[in-house]
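Novice: Below is a structure I'd like to ask you about.
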Amino acid sequence: LAVKSAGSVVFDGSVEVWFLEGDEDMKVYNEFRRKFGQDEFIVVGFFGDHLFDPESVEALQQFTDEAEQVDGVQGVTSLTNLQLLEKGESGLELAKLLKQLPGDEEEASQFKSDVLANPLLSPGLVGEGGRAVCVMVALDGNVKDANQQGALLDQLRASTDRIFSSLVSPPRIRFGGTPVVNEGMFEFAQRDLMTTVPIAVLLVVIASLLLFRHW
């Protein structure tokens, strides 16, 4: 029973668990999140020499679109859906960075050049001269415990595996962010509990037998 209970432990990775109820700092933090949105992100990093090839850009757009539909995702920031201010006929206006998918290597090369020349993007969403690209996945406020975050991570990993594994030059993909750290902490804690709880129960049984052996 103790071992079974240890396997069902829920790890709460939210910031709130580190503060007392009604803490003034927590009130300021919640007000910040109310004004500016959630601060829980998963960072998906893509690394390789062919990230701006036409098929790679198309795959990035597909992943971005799918990530936006995952339950628990508040929003996704990616090169393929990013909007920037640019000069229009009536003044400054928002326009998509990627207006259409590159149809050939020349268009892909131009898109890469435009991205690398923009100081708002490089370094930032792009690094290492175009050999590293990241996607920021913002979580909504309902995704707090490690089980929920782990399920969301599994969906994103499955999506990247399916979309990018078929490319001629698939990128290396890494996940980062607080939810990834929480996932690792939860796995370590659960593994430790599965080891220590049976030992603790055994020691209690042995101690009880020694203590009451004359009864």
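In the structure tokens, chains take letters A, B, ... by order of appearance, with residues numbered from 1 within each chain and ligands from 1 in the order shown.
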For the interface of range 45-91 of chain A with range 158-162 of chain A (cut-off 8 Å, counting only C-alpha atoms), please tabulate each contacting residue of range 45-91 of chain A alongside its nearest pair of atoms and their separation in Å to one decimal, rows sorted by chain and increasing number, as JSON lines.

Specialist:
{"residue": "A:Phe63", "atom": "CA", "partner": "A:Thr160", "partner_atom": "CA", "distance": 6.6}
{"residue": "A:Glu66", "atom": "CA", "partner": "A:Ser159", "partner_atom": "CA", "distance": 7.5}
{"residue": "A:Ala67", "atom": "CA", "partner": "A:Ser159", "partner_atom": "CA", "distance": 8.0}

Novice: Range 89-97 of chain A: which residues within 10 Å, counting only C-alpha atoms, same-chain residues fewer than 5 positions away excluded, as a PyMOL selection string?

Specialist: chain A and resi 78-84+111+114-115

Novice: Given the selection you just returned, output its residues as a file containing C-alpha atoms, formatted as a CSV table (one decimal), in the first residue's frame.

Specialist:
chain,number,residue,atom,x,y,z
A,78,SER,CA,8.0,31.3,-33.5
A,79,LEU,CA,9.7,32.7,-36.6
A,80,THR,CA,6.7,31.4,-38.6
A,81,ASN,CA,4.0,33.3,-36.8
A,82,LEU,CA,5.8,36.3,-35.4
A,83,GLN,CA,4.5,39.7,-36.2
A,84,LEU,CA,6.8,42.8,-36.3
A,111,PHE,CA,14.3,34.8,-45.3
A,114,ASP,CA,16.3,39.0,-43.1
A,115,VAL,CA,16.0,37.2,-39.8

Novice: Residues of range 32-130 of chain A classed as strand (DSSP E) by DSSP on the backbone are to be reported as a short mmCIF file (atom, residue, chain, number, x, y, z; two decimals) with all heavy atoms, in the first residue's frame.

Specialist:
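The result, written out as states.cif:
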data_model
loop_
_atom_site.label_atom_id
_atom_site.label_comp_id
_atom_site.auth_asym_id
_atom_site.auth_seq_id
_atom_site.Cartn_x
_atom_site.Cartn_y
_atom_site.Cartn_z
N PHE A 41 7.06 28.93 -19.37
CA PHE A 41 7.36 28.69 -20.78
C PHE A 41 8.08 27.36 -20.96
O PHE A 41 8.82 26.92 -20.08
CB PHE A 41 8.26 29.80 -21.35
CG PHE A 41 7.58 31.12 -21.55
CD1 PHE A 41 7.54 32.06 -20.53
CD2 PHE A 41 6.98 31.42 -22.76
CE1 PHE A 41 6.92 33.28 -20.72
CE2 PHE A 41 6.36 32.65 -22.96
CZ PHE A 41 6.33 33.58 -21.93
N ILE A 42 7.84 26.75 -22.10
CA ILE A 42 8.67 25.65 -22.57
C ILE A 42 9.43 26.17 -23.78
O ILE A 42 8.83 26.73 -24.71
CB ILE A 42 7.83 24.42 -22.96
CG1 ILE A 42 7.14 23.83 -21.73
CG2 ILE A 42 8.71 23.36 -23.64
CD1 ILE A 42 6.15 22.73 -22.06
N VAL A 43 10.73 26.04 -23.74
CA VAL A 43 11.56 26.48 -24.86
C VAL A 43 11.97 25.26 -25.67
O VAL A 43 12.57 24.32 -25.14
CB VAL A 43 12.82 27.23 -24.37
CG1 VAL A 43 13.65 27.71 -25.56
CG2 VAL A 43 12.44 28.39 -23.46
N VAL A 44 11.62 25.26 -26.94
CA VAL A 44 11.99 24.16 -27.84
C VAL A 44 13.11 24.66 -28.74
O VAL A 44 12.92 25.60 -29.52
CB VAL A 44 10.79 23.69 -28.68
CG1 VAL A 44 11.17 22.43 -29.47
CG2 VAL A 44 9.58 23.42 -27.80
N GLY A 45 14.29 24.07 -28.60
CA GLY A 45 15.44 24.49 -29.38
C GLY A 45 15.73 23.53 -30.53
O GLY A 45 15.70 22.31 -30.36
N PHE A 46 15.98 24.09 -31.69
CA PHE A 46 16.32 23.31 -32.89
C PHE A 46 17.73 23.69 -33.31
O PHE A 46 18.05 24.88 -33.44
CB PHE A 46 15.33 23.60 -34.02
CG PHE A 46 13.90 23.31 -33.68
CD1 PHE A 46 13.10 24.28 -33.08
CD2 PHE A 46 13.36 22.07 -33.93
CE1 PHE A 46 11.79 24.01 -32.74
CE2 PHE A 46 12.03 21.79 -33.61
CZ PHE A 46 11.25 22.76 -33.01
N PHE A 47 18.57 22.68 -33.54
CA PHE A 47 19.98 22.93 -33.85
C PHE A 47 20.37 22.14 -35.10
O PHE A 47 20.09 20.94 -35.21
CB PHE A 47 20.87 22.52 -32.68
CG PHE A 47 20.50 23.18 -31.37
CD1 PHE A 47 19.55 22.60 -30.53
CD2 PHE A 47 21.09 24.37 -31.00
CE1 PHE A 47 19.20 23.21 -29.33
CE2 PHE A 47 20.75 24.99 -29.80
CZ PHE A 47 19.81 24.41 -28.97
N VAL A 73 -1.81 25.14 -23.67
CA VAL A 73 -0.89 26.12 -24.28
C VAL A 73 -1.63 27.43 -24.46
O VAL A 73 -2.70 27.48 -25.08
CB VAL A 73 -0.34 25.62 -25.62
CG1 VAL A 73 0.40 26.74 -26.35
CG2 VAL A 73 0.59 24.44 -25.40
N GLN A 74 -1.04 28.51 -23.93
CA GLN A 74 -1.65 29.83 -24.05
C GLN A 74 -1.26 30.51 -25.35
O GLN A 74 -2.05 31.24 -25.95
CB GLN A 74 -1.23 30.69 -22.86
CG GLN A 74 -1.89 32.06 -22.80
CD GLN A 74 -1.43 32.86 -21.61
OE1 GLN A 74 -0.26 33.20 -21.50
NE2 GLN A 74 -2.34 33.13 -20.69
N GLY A 75 -0.04 30.28 -25.80
CA GLY A 75 0.42 30.90 -27.03
C GLY A 75 1.79 30.39 -27.43
O GLY A 75 2.51 29.82 -26.61
N VAL A 76 2.14 30.58 -28.69
CA VAL A 76 3.42 30.12 -29.22
C VAL A 76 4.08 31.27 -29.97
O VAL A 76 3.43 31.96 -30.76
CB VAL A 76 3.24 28.92 -30.17
CG1 VAL A 76 4.59 28.46 -30.72
CG2 VAL A 76 2.55 27.76 -29.45
N THR A 77 5.36 31.48 -29.70
CA THR A 77 6.13 32.49 -30.42
C THR A 77 7.18 31.80 -31.26
O THR A 77 8.03 31.07 -30.74
CB THR A 77 6.82 33.47 -29.44
OG1 THR A 77 5.84 34.09 -28.62
CG2 THR A 77 7.58 34.53 -30.21
N GLN A 83 4.88 38.50 -35.54
CA GLN A 83 4.51 39.74 -36.19
C GLN A 83 5.41 40.86 -35.69
O GLN A 83 5.66 40.99 -34.50
CB GLN A 83 3.04 40.09 -35.91
CG GLN A 83 2.05 39.16 -36.58
CD GLN A 83 0.62 39.63 -36.42
OE1 GLN A 83 0.23 40.13 -35.37
NE2 GLN A 83 -0.17 39.49 -37.46
N LEU A 84 5.88 41.68 -36.63
CA LEU A 84 6.77 42.80 -36.30
C LEU A 84 6.21 44.09 -36.89
O LEU A 84 5.44 44.07 -37.84
CB LEU A 84 8.17 42.54 -36.87
CG LEU A 84 8.93 41.32 -36.34
CD1 LEU A 84 10.23 41.16 -37.11
CD2 LEU A 84 9.19 41.44 -34.85
N LEU A 85 6.61 45.20 -36.27
CA LEU A 85 6.21 46.49 -36.80
C LEU A 85 7.02 46.82 -38.06
O LEU A 85 8.23 46.64 -38.09
CB LEU A 85 6.45 47.59 -35.75
CG LEU A 85 5.44 47.69 -34.60
CD1 LEU A 85 5.92 48.69 -33.57
CD2 LEU A 85 4.05 48.07 -35.12
N GLU A 86 6.31 47.27 -39.07
CA GLU A 86 6.99 47.72 -40.27
C GLU A 86 6.24 48.91 -40.86
O GLU A 86 5.06 49.13 -40.56
CB GLU A 86 7.12 46.60 -41.30
CG GLU A 86 5.82 46.09 -41.85
CD GLU A 86 6.04 45.01 -42.91
OE1 GLU A 86 7.00 44.22 -42.79
OE2 GLU A 86 5.23 44.98 -43.85
N LYS A 87 6.92 49.68 -41.68
CA LYS A 87 6.33 50.88 -42.24
C LYS A 87 5.35 50.53 -43.36
O LYS A 87 5.70 49.84 -44.31
CB LYS A 87 7.43 51.80 -42.78
CG LYS A 87 6.93 53.18 -43.19
CD LYS A 87 8.09 54.07 -43.59
CE LYS A 87 7.60 55.46 -43.98
NZ LYS A 87 8.73 56.35 -44.38
N GLY A 88 4.12 51.00 -43.21
CA GLY A 88 3.10 50.77 -44.22
C GLY A 88 2.63 52.07 -44.83
O GLY A 88 3.17 53.15 -44.55
N GLY A 91 1.43 54.39 -42.06
CA GLY A 91 2.32 54.47 -40.90
C GLY A 91 2.80 53.10 -40.47
O GLY A 91 2.81 52.15 -41.27
N LEU A 92 3.17 52.97 -39.20
CA LEU A 92 3.63 51.69 -38.69
C LEU A 92 2.47 50.73 -38.53
O LEU A 92 1.39 51.09 -38.04
CB LEU A 92 4.33 51.87 -37.34
CG LEU A 92 5.67 52.63 -37.36
CD1 LEU A 92 6.20 52.80 -35.95
CD2 LEU A 92 6.68 51.91 -38.23
N GLU A 93 2.67 49.49 -38.92
CA GLU A 93 1.63 48.47 -38.79
C GLU A 93 2.29 47.12 -38.55
O GLU A 93 3.45 46.90 -38.89
CB GLU A 93 0.77 48.42 -40.04
CG GLU A 93 1.54 48.19 -41.32
CD GLU A 93 0.69 48.31 -42.57
OE1 GLU A 93 -0.28 49.09 -42.56
OE2 GLU A 93 1.00 47.61 -43.54
N LEU A 94 1.51 46.22 -37.92
CA LEU A 94 2.01 44.87 -37.67
C LEU A 94 1.92 44.03 -38.93
O LEU A 94 0.90 44.06 -39.62
CB LEU A 94 1.21 44.21 -36.54
CG LEU A 94 1.56 44.61 -35.11
CD1 LEU A 94 0.57 43.98 -34.13
CD2 LEU A 94 2.98 44.18 -34.76
N ALA A 95 2.97 43.29 -39.20
CA ALA A 95 2.97 42.40 -40.36
C ALA A 95 3.73 41.13 -40.01
O ALA A 95 4.67 41.16 -39.20
CB ALA A 95 3.61 43.09 -41.56
N LYS A 96 3.33 40.03 -40.58
CA LYS A 96 3.99 38.76 -40.30
C LYS A 96 5.41 38.78 -40.85
O LYS A 96 5.67 39.27 -41.95
CB LYS A 96 3.22 37.60 -40.92
CG LYS A 96 1.90 37.27 -40.24
CD LYS A 96 1.37 35.92 -40.69
CE LYS A 96 2.25 34.79 -40.20
NZ LYS A 96 1.68 33.46 -40.50
N VAL A 126 16.84 33.32 -32.74
CA VAL A 126 17.82 32.70 -33.63
C VAL A 126 19.22 32.95 -33.08
O VAL A 126 19.49 34.00 -32.51
CB VAL A 126 17.74 33.28 -35.06
CG1 VAL A 126 18.73 32.58 -35.99
CG2 VAL A 126 16.34 33.14 -35.61
N GLY A 127 20.10 31.97 -33.22
CA GLY A 127 21.46 32.13 -32.74
C GLY A 127 22.44 31.34 -33.59
O GLY A 127 22.05 30.62 -34.53
#

Novice: Which residue gives the smallest distance to Leu139 in chain A among A:Pro119, A:Gly72, A:Pro171, A:Pro198, with only C-alpha atoms counted?

Specialist: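 Closest candidate: A:Gly72.
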
Novice: Smallest atom-to-atom distance to Val143 in chain A: which of A:Ala108, A:Leu120, A:Ala207, A:Val70, using only C-alpha atoms?

Specialist: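 With only C-alpha atoms as the atom set, the closest residue is A:Val70.
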
Novice: Name the closest residue to Gly48 in chain A among the candidates A:Asp154, A:Asp104, A:Glu21, A:Glu128; distances are taken between atoms, counting only C-alpha atoms.

Specialist: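 For Gly48 in chain A, the nearest of the candidates is A:Glu128.
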
Novice: Could you check the closest approach to Lys99 in chain A for each of A:Arg172, A:Gln61, A:Asn142, A:Ala132 and tell me which residue wins, using only C-alpha atoms?

Specialist: A:Gln61

Novice: Can you list, as an MDAnalysis selection string, all residues belonging to range 13-214 of chain A that DSSP tags as alpha helix (DSSP H)?

Specialist: chainID A and resid 24:36 54:68 105:117 146:164 178:211

Novice: In Å, how far is it from CA of Asp65 in chain A to CA of Ala151 in chain A?

Specialist: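 According to the coordinates, CA of Asp65 in chain A and CA of Ala151 in chain A are separated by 18.3 Å.
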